[in-house]
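File shown: my_file27.csv (CSV, C-alpha atoms and all ligand atoms).
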```
chain,number,residue,atom,x,y,z
A,270,MET,CA,-24.1,3.9,-13.5
A,271,LYS,CA,-25.9,0.8,-12.4
A,272,THR,CA,-23.6,-2.0,-11.1
A,273,THR,CA,-24.8,-5.5,-12.0
A,274,ILE,CA,-23.7,-8.3,-9.8
A,275,THR,CA,-23.5,-11.7,-11.5
A,276,SER,CA,-22.2,-15.2,-10.8
A,277,SER,CA,-21.9,-15.9,-14.6
A,278,PRO,CA,-18.4,-15.6,-16.0
A,279,GLU,CA,-20.0,-15.4,-19.5
A,280,GLU,CA,-22.2,-12.5,-18.5
A,281,ALA,CA,-19.3,-10.6,-17.0
A,282,ALA,CA,-17.1,-11.3,-20.1
A,283,ALA,CA,-19.8,-9.8,-22.3
A,284,TYR,CA,-19.0,-6.4,-20.7
A,285,ILE,CA,-15.3,-6.8,-21.5
A,286,ARG,CA,-16.1,-7.7,-25.2
A,287,ARG,CA,-18.3,-4.6,-25.4
A,288,GLY,CA,-15.4,-2.4,-24.3
A,289,GLU,CA,-16.7,-1.9,-20.7
A,290,LEU,CA,-15.3,-2.8,-17.3
A,291,ALA,CA,-15.9,-5.9,-15.2
A,292,VAL,CA,-14.6,-6.8,-11.7
A,293,PHE,CA,-13.6,-10.5,-11.4
A,294,PRO,CA,-12.2,-12.7,-8.7
A,295,THR,CA,-8.7,-14.4,-8.9
A,296,GLU,CA,-6.8,-16.5,-6.4
A,297,THR,CA,-4.9,-13.4,-5.1
A,298,VAL,CA,-7.4,-10.5,-5.0
A,299,TYR,CA,-10.3,-9.2,-7.1
A,300,GLY,CA,-9.3,-7.5,-10.4
A,301,LEU,CA,-10.9,-4.6,-12.3
A,302,GLY,CA,-10.7,-5.8,-16.0
A,303,ALA,CA,-10.8,-4.2,-19.4
A,304,ASP,CA,-9.9,-5.3,-22.9
A,305,ALA,CA,-6.1,-4.8,-23.0
A,306,LEU,CA,-6.3,-4.1,-26.8
A,307,ASN,CA,-8.9,-1.3,-26.4
A,308,PRO,CA,-7.3,2.0,-25.3
A,309,GLU,CA,-10.6,3.6,-24.2
A,310,ALA,CA,-11.6,0.6,-22.2
A,311,VAL,CA,-8.2,0.6,-20.5
A,312,GLN,CA,-8.5,4.4,-19.8
A,313,ALA,CA,-11.8,3.8,-18.0
A,314,ILE,CA,-9.9,1.6,-15.4
A,315,PHE,CA,-7.8,4.5,-14.4
A,316,GLN,CA,-10.9,6.7,-14.0
A,317,ALA,CA,-12.9,4.2,-12.0
A,318,LYS,CA,-10.0,3.6,-9.6
A,319,GLY,CA,-8.5,7.1,-9.5
A,320,ARG,CA,-5.2,5.4,-10.4
A,321,PRO,CA,-2.2,7.4,-11.5
A,322,SER,CA,-1.7,6.9,-15.2
A,323,ASP,CA,2.1,6.1,-14.8
A,324,ASN,CA,1.3,2.9,-13.0
A,325,PRO,CA,1.1,0.0,-15.5
A,326,LEU,CA,-1.5,-2.7,-15.5
A,327,ILE,CA,-1.1,-6.5,-15.4
A,328,VAL,CA,-2.5,-8.3,-18.4
A,329,HIS,CA,-4.4,-11.5,-17.6
A,330,LEU,CA,-4.7,-14.5,-19.9
A,331,ALA,CA,-6.8,-17.7,-19.7
A,332,ASP,CA,-3.8,-19.8,-20.8
A,333,ARG,CA,-0.4,-19.6,-22.6
A,334,SER,CA,-1.9,-19.5,-26.0
A,335,GLY,CA,-2.6,-15.8,-25.6
A,336,LEU,CA,1.0,-14.9,-24.8
A,337,GLY,CA,2.0,-14.1,-28.3
A,338,ALA,CA,-0.5,-11.3,-28.6
A,339,VAL,CA,0.9,-9.4,-25.7
A,340,ALA,CA,4.6,-10.3,-25.3
A,341,ALA,CA,7.3,-10.0,-28.0
A,342,THR,CA,9.7,-12.7,-26.7
A,343,ILE,CA,9.9,-15.3,-23.9
A,344,SER,CA,13.4,-16.0,-22.5
A,345,PRO,CA,14.4,-19.5,-21.3
A,346,ALA,CA,14.1,-18.3,-17.6
A,347,ALA,CA,10.6,-17.0,-18.4
A,348,GLU,CA,9.7,-20.4,-19.9
A,349,ASP,CA,11.0,-22.1,-16.7
A,350,LEU,CA,8.9,-19.8,-14.5
A,351,LEU,CA,5.8,-20.2,-16.6
A,352,GLU,CA,6.2,-24.0,-16.5
A,353,ALA,CA,6.6,-24.0,-12.7
A,354,PHE,CA,4.2,-21.4,-11.5
A,355,THR,CA,1.4,-20.8,-14.0
A,356,PRO,CA,-1.5,-20.9,-13.9
A,357,GLY,CA,-1.0,-19.2,-10.5
A,358,PRO,CA,-0.1,-16.0,-8.6
A,359,LEU,CA,3.0,-15.1,-10.6
A,360,THR,CA,3.3,-12.0,-12.9
A,361,LEU,CA,6.1,-12.0,-15.5
A,362,VAL,CA,7.4,-8.7,-16.9
A,363,LEU,CA,8.2,-9.4,-20.5
A,364,PRO,CA,9.1,-7.4,-23.6
A,365,ARG,CA,5.8,-6.1,-24.9
A,366,ALA,CA,4.0,-6.7,-28.2
A,367,SER,CA,3.1,-3.6,-30.2
A,368,ALA,CA,-0.7,-4.4,-30.4
A,369,LEU,CA,-1.1,-3.6,-26.7
A,370,SER,CA,-2.4,-0.2,-25.7
A,371,ASP,CA,0.3,2.1,-24.4
A,372,ARG,CA,-2.0,2.9,-21.5
A,373,VAL,CA,-1.7,-0.7,-20.3
A,374,THR,CA,2.1,-0.5,-20.0
A,375,ALA,CA,2.2,3.2,-19.0
A,376,GLY,CA,4.6,3.8,-21.9
A,377,LEU,CA,7.1,1.1,-20.8
A,378,ASP,CA,8.5,-1.2,-23.4
A,379,THR,CA,7.6,-4.2,-21.1
A,380,VAL,CA,4.3,-5.8,-20.1
A,381,GLY,CA,3.3,-7.6,-16.9
A,382,VAL,CA,1.5,-10.9,-17.7
A,383,ARG,CA,-0.3,-13.3,-15.5
A,384,ILE,CA,-2.4,-16.5,-15.9
A,385,PRO,CA,-4.6,-16.9,-12.9
A,386,SER,CA,-5.4,-20.4,-11.6
A,387,LEU,CA,-8.9,-19.8,-10.0
A,388,PRO,CA,-11.4,-21.7,-12.2
A,389,ILE,CA,-14.0,-18.9,-12.3
A,390,ALA,CA,-11.2,-16.4,-13.3
A,391,ARG,CA,-10.1,-18.8,-16.1
A,392,ALA,CA,-13.7,-19.3,-17.3
A,393,PHE,CA,-14.2,-15.5,-17.4
A,394,LEU,CA,-10.9,-14.9,-19.2
A,395,ARG,CA,-11.7,-17.6,-21.8
A,396,ALA,CA,-15.1,-16.1,-22.5
A,397,CYS,CA,-13.5,-12.6,-22.9
A,398,GLU,CA,-11.6,-13.8,-26.0
A,399,THR,CA,-9.1,-11.0,-25.5
A,400,PRO,CA,-6.3,-10.3,-23.1
A,401,VAL,CA,-7.7,-8.5,-20.0
A,402,ALA,CA,-5.7,-5.7,-18.4
A,403,ALA,CA,-6.6,-5.5,-14.7
A,404,PRO,CA,-5.2,-3.9,-11.5
A,405,SER,CA,-6.7,-4.7,-8.1
A,406,ALA,CA,-10.4,-3.7,-7.9
A,407,ASN,CA,-10.1,-1.1,-5.2
A,408,ARG,CA,-10.1,2.7,-5.2
A,409,SER,CA,-6.5,3.8,-5.5
A,410,GLY,CA,-4.8,3.9,-2.1
A,411,ARG,CA,-7.3,1.5,-0.4
A,412,PRO,CA,-6.5,-2.1,0.6
A,413,SER,CA,-7.0,-4.6,-2.3
A,414,PRO,CA,-10.4,-6.4,-2.2
A,415,THR,CA,-10.4,-10.0,-1.1
A,416,THR,CA,-14.2,-10.3,-1.3
A,417,TRP,CA,-16.7,-9.1,-3.9
A,418,ARG,CA,-18.3,-6.9,-1.2
A,419,ALA,CA,-15.0,-5.0,-0.7
A,420,ALA,CA,-14.9,-4.3,-4.5
A,421,TYR,CA,-18.5,-3.3,-4.4
A,422,GLU,CA,-17.9,-0.9,-1.5
A,423,ASP,CA,-15.1,0.8,-3.5
A,424,LEU,CA,-16.6,0.7,-7.0
A,425,VAL,CA,-20.4,0.7,-6.8
A,426,GLY,CA,-21.8,3.1,-9.4
A,427,ARG,CA,-18.3,3.4,-11.0
A,428,VAL,CA,-18.3,0.0,-12.8
A,429,PRO,CA,-21.1,-1.7,-14.7
A,430,CYS,CA,-20.4,-5.3,-13.6
A,431,ILE,CA,-19.0,-7.4,-10.7
A,432,LEU,CA,-18.5,-11.1,-11.1
A,433,GLN,CA,-19.2,-12.6,-7.8
A,434,GLY,CA,-16.9,-15.2,-6.4
A,435,GLY,CA,-15.8,-16.3,-2.9
A,436,ARG,CA,-13.2,-14.9,-0.6
A,437,THR,CA,-9.8,-15.0,-2.4
A,438,ASP,CA,-7.4,-17.7,-1.4
A,439,ALA,CA,-4.0,-15.9,-1.1
A,440,GLY,CA,-5.3,-12.5,-0.1
A,441,ILE,CA,-2.0,-11.0,-1.2
A,442,GLU,CA,-1.2,-9.9,-4.7
A,443,SER,CA,0.9,-11.8,-7.2
A,444,THR,CA,4.7,-11.9,-7.2
A,445,VAL,CA,6.0,-9.7,-10.0
A,446,VAL,CA,9.2,-11.0,-11.6
A,447,ASP,CA,11.1,-9.1,-14.3
A,448,VAL,CA,12.5,-11.5,-16.9
A,449,THR,CA,13.7,-8.9,-19.4
A,450,THR,CA,17.1,-8.5,-17.7
A,451,GLU,CA,20.0,-11.0,-17.7
A,452,THR,CA,19.3,-12.1,-14.2
A,453,PRO,CA,15.5,-12.2,-13.4
A,454,ALA,CA,14.5,-9.9,-10.5
A,455,VAL,CA,11.6,-9.8,-8.1
A,456,LEU,CA,10.0,-6.4,-8.4
A,457,ARG,CA,7.2,-7.0,-5.9
A,458,PRO,CA,7.1,-9.8,-3.3
A,459,GLY,CA,3.9,-11.7,-3.4
A,460,ALA,CA,2.0,-15.0,-3.2
A,461,VAL,CA,4.8,-17.0,-4.8
A,462,SER,CA,7.7,-17.0,-2.3
A,463,MET,CA,11.3,-16.1,-3.1
A,464,GLU,CA,12.4,-19.6,-1.9
A,465,ALA,CA,10.1,-21.3,-4.4
A,466,LEU,CA,11.3,-19.0,-7.2
A,467,ARG,CA,15.0,-19.8,-6.3
A,468,ASP,CA,14.3,-23.5,-6.6
A,469,VAL,CA,13.6,-22.9,-10.3
A,470,VAL,CA,15.9,-19.9,-11.1
A,471,PRO,CA,18.7,-20.0,-8.5
A,472,THR,CA,20.2,-16.7,-9.6
A,473,ILE,CA,16.9,-14.7,-9.2
A,474,ARG,CA,17.5,-11.5,-7.2
A,475,GLU,CA,15.5,-9.0,-5.2
A,476,VAL,CA,15.3,-5.4,-6.3
A,477,ASP,CA,15.9,-2.7,-3.7
A,478,GLU,CA,13.0,-0.8,-2.3
A,479,ALA,CA,12.7,2.8,-3.6
A,480,PRO,CA,15.4,2.9,-6.2
A,481,GLU,CA,16.1,6.3,-8.0
A,482,ILE,CA,14.0,5.2,-11.0
A,483,PRO,CA,11.5,2.6,-9.8
A,484,ARG,CA,11.6,-0.5,-12.1
A,485,SER,CA,8.0,-1.3,-11.1
A,486,PRO,CA,6.3,2.1,-11.0
A,487,GLY,CA,3.4,0.9,-8.8
A,488,THR,CA,5.8,0.3,-5.9
A,489,LYS,CA,6.4,4.1,-5.5
A,490,HIS,CA,2.8,4.9,-4.9
A,491,ARG,CA,1.1,4.9,-1.5
A,492,HIS,CA,-0.7,1.6,-1.3
A,493,TYR,CA,-2.8,-0.6,0.9
A,494,ALA,CA,-3.6,2.2,3.3
A,495,PRO,CA,-6.4,1.8,5.9
A,496,GLU,CA,-7.9,5.0,7.3
A,497,ALA,CA,-6.6,4.0,10.8
A,498,GLU,CA,-2.9,4.3,11.6
A,499,LEU,CA,-1.2,1.0,11.2
A,500,VAL,CA,1.5,0.2,13.8
A,501,ILE,CA,3.8,-2.8,13.4
A,502,VAL,CA,4.6,-4.5,16.7
A,503,GLU,CA,7.0,-7.3,17.6
A,504,ASP,CA,4.9,-8.6,20.5
A,505,PRO,CA,1.1,-8.3,21.2
A,506,GLY,CA,2.1,-6.8,24.6
A,507,GLU,CA,3.2,-3.6,22.7
A,508,ALA,CA,-0.4,-3.2,21.3
A,509,ASP,CA,-2.3,-0.6,23.2
A,510,ALA,CA,-5.5,-2.5,24.2
A,511,ALA,CA,-8.4,-0.1,23.7
A,512,ALA,CA,-11.9,-0.1,22.3
A,513,ILE,CA,-10.8,2.1,19.4
A,514,HIS,CA,-7.9,-0.2,18.4
A,515,GLY,CA,-7.6,-3.4,16.3
A,516,TYR,CA,-5.0,-6.1,16.6
A,517,ILE,CA,-3.9,-8.8,14.0
A,518,GLY,CA,-1.1,-11.2,14.5
A,519,ILE,CA,0.1,-14.8,15.2
A,520,ASP,CA,0.2,-14.4,19.0
A,521,GLU,CA,-2.9,-13.7,21.0
A,522,PRO,CA,-3.0,-10.5,23.0
A,523,ALA,CA,-3.5,-10.7,26.8
A,524,VAL,CA,-7.1,-9.3,26.7
A,525,PRO,CA,-8.5,-9.8,23.2
A,526,ALA,CA,-11.9,-8.4,24.3
A,527,ALA,CA,-10.3,-5.0,25.1
A,528,PHE,CA,-9.9,-4.3,21.3
A,529,ALA,CA,-12.6,-3.3,18.8
A,530,ASN,CA,-11.4,-6.1,16.5
A,531,VAL,CA,-8.9,-8.9,16.9
A,532,PHE,CA,-7.7,-11.6,14.5
A,533,VAL,CA,-5.3,-14.3,15.7
A,534,ALA,CA,-4.0,-16.1,12.7
A,535,PRO,CA,-3.2,-19.8,13.0
A,536,SER,CA,-0.6,-19.5,10.2
A,537,ILE,CA,1.2,-17.0,8.0
A,538,GLU,CA,-1.0,-18.0,5.1
A,539,ALA,CA,-4.1,-17.3,7.2
A,540,TYR,CA,-2.6,-13.9,8.2
A,541,GLY,CA,-2.1,-13.1,4.6
A,542,ARG,CA,-5.6,-14.2,3.6
A,543,GLU,CA,-7.2,-12.1,6.3
A,544,LEU,CA,-5.0,-8.9,6.3
A,545,PHE,CA,-6.8,-6.7,3.7
A,546,HIS,CA,-10.2,-7.8,4.9
A,547,PHE,CA,-9.2,-7.0,8.5
A,548,LEU,CA,-8.0,-3.5,7.6
A,549,ARG,CA,-11.3,-2.8,5.9
A,550,GLU,CA,-13.2,-4.1,8.9
A,551,CYS,CA,-11.3,-1.9,11.3
A,552,ASP,CA,-12.0,1.1,9.1
A,553,ALA,CA,-15.7,0.3,9.1
A,554,LEU,CA,-15.6,0.0,12.9
A,555,GLY,CA,-13.9,3.4,13.1
A,556,CYS,CA,-10.7,2.1,14.6
A,557,ARG,CA,-8.0,4.8,15.2
A,558,ARG,CA,-5.1,2.4,15.3
A,559,ILE,CA,-4.4,-1.1,14.0
A,560,PHE,CA,-1.6,-3.1,15.6
A,561,ALA,CA,-0.1,-5.7,13.3
A,562,GLN,CA,2.4,-8.3,14.5
A,563,GLU,CA,5.7,-8.6,12.7
A,564,VAL,CA,6.4,-12.0,11.1
A,565,PRO,CA,9.8,-13.5,9.9
A,566,GLU,CA,10.8,-12.4,6.4
A,567,GLU,CA,10.6,-15.8,4.9
A,568,GLY,CA,8.2,-17.6,2.6
A,569,LEU,CA,4.9,-15.7,2.4
A,570,GLY,CA,6.2,-13.6,5.4
A,571,ARG,CA,8.2,-11.5,3.0
A,572,ALA,CA,5.2,-10.3,1.0
A,573,LEU,CA,3.2,-9.9,4.2
A,574,MET,CA,5.8,-7.6,5.8
A,575,ASP,CA,6.0,-5.6,2.5
A,576,ARG,CA,2.3,-5.0,2.6
A,577,LEU,CA,2.4,-4.1,6.3
A,578,ARG,CA,5.2,-1.6,5.8
A,579,ARG,CA,3.3,0.0,2.9
A,580,ALA,CA,0.1,0.3,5.0
A,581,ALA,CA,2.0,1.7,8.0
B,601,LIG,P1,-1.8,-3.9,-9.0
B,601,LIG,O1,-2.4,-4.7,-10.2
B,601,LIG,O2,-2.6,-2.7,-8.6
B,601,LIG,O3,-1.5,-4.8,-7.9
B,601,LIG,O4,-0.4,-3.4,-9.6
B,601,LIG,C1,0.3,-4.1,-10.5
B,601,LIG,C2,1.8,-4.0,-10.1
B,601,LIG,O5,2.5,-4.6,-11.2
B,601,LIG,C3,2.3,-2.6,-10.0
B,601,LIG,O6,3.2,-2.6,-8.9
B,601,LIG,C4,3.0,-2.3,-11.3
B,601,LIG,O7,3.9,-1.4,-11.2
B,601,LIG,C5,3.5,-3.7,-11.6
B,601,LIG,N1,3.7,-3.8,-13.1
B,601,LIG,C6,2.8,-4.0,-14.0
B,601,LIG,N2,3.3,-4.0,-15.3
B,601,LIG,C7,4.6,-3.8,-15.1
B,601,LIG,C8,5.7,-3.6,-16.0
B,601,LIG,N3,5.6,-3.7,-17.4
B,601,LIG,N4,6.9,-3.4,-15.5
B,601,LIG,C9,7.1,-3.3,-14.2
B,601,LIG,N5,6.1,-3.5,-13.3
B,601,LIG,C10,4.9,-3.7,-13.7
B,602,MG,MG,-3.4,-2.5,-6.5
```
What does the file become when written as structure tokens?
Amino acid sequence: MKTTITSSPEEAAAYIRRGELAVFPTETVYGLGADALNPEAVQAIFQAKGRPSDNPLIVHLADRSGLGAVAATISPAAEDLLEAFTPGPLTLVLPRASALSDRVTAGLDTVGVRIPSLPIARAFLRACETPVAAPSANRSGRPSPTTWRAAYEDLVGRVPCILQGGRTDAGIESTVVDVTTETPAVLRPGAVSMEALRDVVPTIREVDEAPEIPRSPGTKHRHYAPEAELVIVEDPGEADAAAIHGYIGIDEPAVPAAFANVFVAPSIEAYGRELFHFLRECDALGCRRIFAQEVPEEGLGRALMDRLRRAA
């Protein structure tokens, strides 16, 4: 299959309208989209990614006007969260509408919905004229793509179109919040922090990792894994400085030049933005080990530590 790279949202959207796949940028990571109302198109996502079929997809909308086509009801808490955080990196799990393909929801009676804020993503979604189901645009088990080149690396020859945008801003996926239960629950930490969510819905709770029956099926699969072994360290001094090792963190190691690849982040936000790109770079360099410095579990640090643990 030929992979066309375009910077035109309309050209990429034409693929979706024809029932084909298109990769597109968002403010979190790049997504691999298909018409959420077309079961064959949605099925092609799972094939292109090698994604397990029991892992539901997030449905992306240009704006709130499309919500009625995918969600059956919107609770008052959902309204408050939509008002406060959308468009933006928040996914709400809502009772699903019947028009949606079962493949999108992996047979669940709920649907994850997100309205991205990145202007090119919104232009693309508007031009699609249909809800767009999209997971991250990586091969299953690889780090999420934060550049179009990373998506290209994973999906060239497997998708017909990539909408070219810049490096993604958050670099970490959306926060997934279940609003179908009495008390809203964070199923996956992400780019919207727990603290910010609590300001709007004070009762919001965190769901335990690895429950008996995962509420968010995607969280049970191996994720975000570089080929190198990832080791979480408290202090850069614990990182074994060697030419076949990488290091990423907030504090600088004693001899940065001793590593194959080093990224010292000026902030937690910059750490998050760089992480997946850094993991891919280390793999390309053939690193054996990547040392990643721990950060406090607050703000974006919570999502960052979640991704580091999954990669480790
Ligand atoms: P990805 O798009 O690859 O980052 O994965 C989407 C994440 O959202 C996965 O962890 C899914 O399990 C989760 N998700 C999507 N739809 C639902 C849903 N209806 N209920 C619970 N979690 C969902
Ligand atoms: Mg993913």
Which residues of chain A have any atom within 9 Å of an atom in ligand LIG 601 (chain B) when counting only C-alpha atoms and all ligand atoms, and what is the closest pair of atoms for each, with the distance in Å to one decimal? Order the rows by chain and rising number and write it as CSV.
```
residue,atom,partner,partner_atom,distance
A:Val298,CA,B:LIG601,O3,8.7
A:Gly300,CA,B:LIG601,O1,7.4
A:Leu301,CA,B:LIG601,O1,8.8
A:Arg320,CA,B:LIG601,O2,8.7
A:Asp323,CA,B:LIG601,O7,8.5
A:Asn324,CA,B:LIG601,O7,5.3
A:Pro325,CA,B:LIG601,N2,4.6
A:Leu326,CA,B:LIG601,C6,4.7
A:Ile327,CA,B:LIG601,C6,4.8
A:Val328,CA,B:LIG601,N2,7.9
A:Thr360,CA,B:LIG601,O5,7.6
A:Leu361,CA,B:LIG601,C7,8.3
A:Val362,CA,B:LIG601,N3,5.3
A:Leu363,CA,B:LIG601,N3,7.0
A:Pro364,CA,B:LIG601,N3,8.0
A:Arg365,CA,B:LIG601,N3,7.9
A:Val373,CA,B:LIG601,N2,7.8
A:Thr374,CA,B:LIG601,N3,5.4
A:Ala375,CA,B:LIG601,N3,7.9
A:Gly376,CA,B:LIG601,N3,8.8
A:Leu377,CA,B:LIG601,N3,6.1
A:Asp378,CA,B:LIG601,N3,7.1
A:Thr379,CA,B:LIG601,N3,4.2
A:Val380,CA,B:LIG601,N3,3.7
A:Gly381,CA,B:LIG601,N2,3.9
A:Val382,CA,B:LIG601,N2,7.5
A:Ala402,CA,B:LIG601,O1,8.9
A:Ala403,CA,B:LIG601,O1,6.2
A:Pro404,CA,B:LIG601,O1,3.2
A:Ser405,CA,B:LIG601,O2,4.6
A:Ala406,CA,B:LIG601,O2,7.9
A:Asn407,CA,B:LIG601,O2,8.4
A:Ser409,CA,B:LIG601,O2,8.2
A:Ser413,CA,B:LIG601,O3,7.9
A:Glu442,CA,B:LIG601,O3,6.0
A:Ser443,CA,B:LIG601,O3,7.4
A:Thr444,CA,B:LIG601,O5,8.6
A:Val445,CA,B:LIG601,O5,6.3
A:Val446,CA,B:LIG601,N5,8.3
A:Asp447,CA,B:LIG601,C9,7.0
A:Leu456,CA,B:LIG601,N5,6.9
A:Arg457,CA,B:LIG601,O6,6.7
A:Pro483,CA,B:LIG601,C9,8.6
A:Arg484,CA,B:LIG601,C9,5.7
A:Ser485,CA,B:LIG601,N5,3.6
A:Pro486,CA,B:LIG601,O7,4.2
A:Gly487,CA,B:LIG601,O7,3.4
A:Thr488,CA,B:LIG601,O6,4.9
A:Lys489,CA,B:LIG601,O6,8.2
A:His490,CA,B:LIG601,O6,8.5
A:His492,CA,B:LIG601,O2,8.7
```
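Among the candidate residues A:Ala331, A:Ala561, A:Ile314, A:Ala512, the one lying nearest to ligand MG 602 (chain B) is A:Ile314, with distances computed using all atoms listed in the file.
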Compile the contact shell of segment 532-547 of chain A as an mmCIF file with C-alpha atoms, in the coordinates of the input: residues with an atom at most 6 Å away, counting all atoms listed in the file, same-chain residues fewer than 2 positions apart removed.
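Output file result-v9.cif follows:
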```
data_model
loop_
_atom_site.group_PDB
_atom_site.id
_atom_site.type_symbol
_atom_site.label_atom_id
_atom_site.label_comp_id
_atom_site.auth_asym_id
_atom_site.auth_seq_id
_atom_site.Cartn_x
_atom_site.Cartn_y
_atom_site.Cartn_z
ATOM 1 C CA PRO A 412 -6.500 -2.100 0.600
ATOM 2 C CA ALA A 439 -4.000 -15.900 -1.100
ATOM 3 C CA GLY A 440 -5.300 -12.500 -0.100
ATOM 4 C CA ILE A 517 -3.900 -8.800 14.000
ATOM 5 C CA GLY A 518 -1.100 -11.200 14.500
ATOM 6 C CA ILE A 519 0.100 -14.800 15.200
ATOM 7 C CA GLU A 521 -2.900 -13.700 21.000
ATOM 8 C CA ARG A 549 -11.300 -2.800 5.900
ATOM 9 C CA GLU A 550 -13.200 -4.100 8.900
#
```
task: Compare A:Thr275, A:Thr297, A:Ser367, A:Gln562 by their minimum atom-to-atom distance to ligand MG 602 (chain B), counting only C-alpha atoms and all ligand atoms, and give me the closest one.
output: A:Thr297
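As for atom CA of Pro525 of chain A and atom CA of Glu567 of chain A, they are spaced 27.1 Å apart.
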query: How far is it from atom CA of Glu296 of chain A to atom CA of Tyr516 of chain A, in Å with one decimal?
result: 25.3 Å
query: Can you list, as an MDAnalysis selection string, every protein, DNA or RNA residue that comes within 10 Å of Cys551 of chain A when you count all atoms listed in the file, leaving out same-chain residues fewer than 2 positions away?
result: chainID A and resid 495:497 513:516 529:531 546:549 553:559
query: Out of A:Pro458, A:Gly435, A:Gly337, A:Gly410, which residue has the shortest atom-to-atom distance to ligand MG 602 (chain B) when counting all atoms listed in the file?
result: A:Gly410
task: Go through A:Arg408, A:Leu387, A:Leu351, A:Asn307 and flag the residue nearest Val428 of chain A, using only C-alpha atoms for the distances.
output: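 Closest to Val428 of chain A of all the choices is A:Arg408.
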Quick one: residues within 7 Å of Ala396 of chain A, only C-alpha atoms counted, chain neighbours fewer than 3 positions away excluded, as a short mmCIF file (atom, residue, chain, number, x, y, z; two decimals) with C-alpha atoms, keeping the file's coordinate frame?
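So the final result, stored in result_21.cif, reads:
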```cif
data_model
loop_
_atom_site.label_atom_id
_atom_site.label_comp_id
_atom_site.auth_asym_id
_atom_site.auth_seq_id
_atom_site.Cartn_x
_atom_site.Cartn_y
_atom_site.Cartn_z
CA GLU A 279 -20.00 -15.40 -19.50
CA ALA A 282 -17.10 -11.30 -20.10
CA ALA A 392 -13.70 -19.30 -17.30
CA PHE A 393 -14.20 -15.50 -17.40
#
```
Counting all atoms listed in the file, the residue of A:Ile431, A:Val470, A:Ala420, A:Ala341 that sits nearest ligand MG 602 (chain B):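 Nearest to ligand MG 602 (chain B): A:Ala420.
Compared by their closest atoms to ligand MG 602 (chain B), and using all atoms listed in the file, the residues A:Ser334, A:Thr415, A:Thr452, A:Ser462 rank with A:Thr415 nearest.
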message: The residues within 9 Å of (-27.1, 5.5, -15.4), using all atoms listed in the file and the coordinates of the file, should be reported as a list in words; which are they?
response: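 Checking each residue against the 9 Å limit leaves Met270, Lys271 and Gly426 of chain A.
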Would you mind exporting the chosen residues as a short mmCIF file (atom, residue, chain, number, x, y, z; two decimals), in the coordinates of the input, restricted to C-alpha atoms?
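Output saved as selection-v5.cif:
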```
data_model
loop_
_atom_site.label_atom_id
_atom_site.label_comp_id
_atom_site.auth_asym_id
_atom_site.auth_seq_id
_atom_site.Cartn_x
_atom_site.Cartn_y
_atom_site.Cartn_z
CA MET A 270 -24.10 3.90 -13.50
CA LYS A 271 -25.90 0.80 -12.40
CA GLY A 426 -21.80 3.10 -9.40
#
```
field: d(atom CA of Thr449 of chain A, atom CA of Thr472 of chain A) in Å
entry: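 Distance between the two atoms: 14.1 Å.
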message: Taking 3 positions as the minimum chain separation for residues in the same chain, which residues sit within 8 Å of Ser276 of chain A when counting only C-alpha atoms? Answer as JSON, numbers by chain.
response: {"A": [432, 433, 434]}
- request: With a distance cut-off of 8 Å and all atoms listed in the file, select the neighbouring residues of Ala346 of chain A, excluding the residue or stretch itself and same-chain residues fewer than 3 positions from it, and output the selection as a ChimeraX atom specification.
  value: /A:349-350,448,453,470
Selection export as a PDB file, in the frame of the given file, atoms kept: C-alpha atoms:
```pdb
ATOM      1  CA  ASP A 349      11.000 -22.100 -16.700  1.00  0.00           C
ATOM      2  CA  LEU A 350       8.900 -19.800 -14.500  1.00  0.00           C
ATOM      3  CA  VAL A 448      12.500 -11.500 -16.900  1.00  0.00           C
ATOM      4  CA  PRO A 453      15.500 -12.200 -13.400  1.00  0.00           C
ATOM      5  CA  VAL A 470      15.900 -19.900 -11.100  1.00  0.00           C
TER       6      VAL A 470
END
```
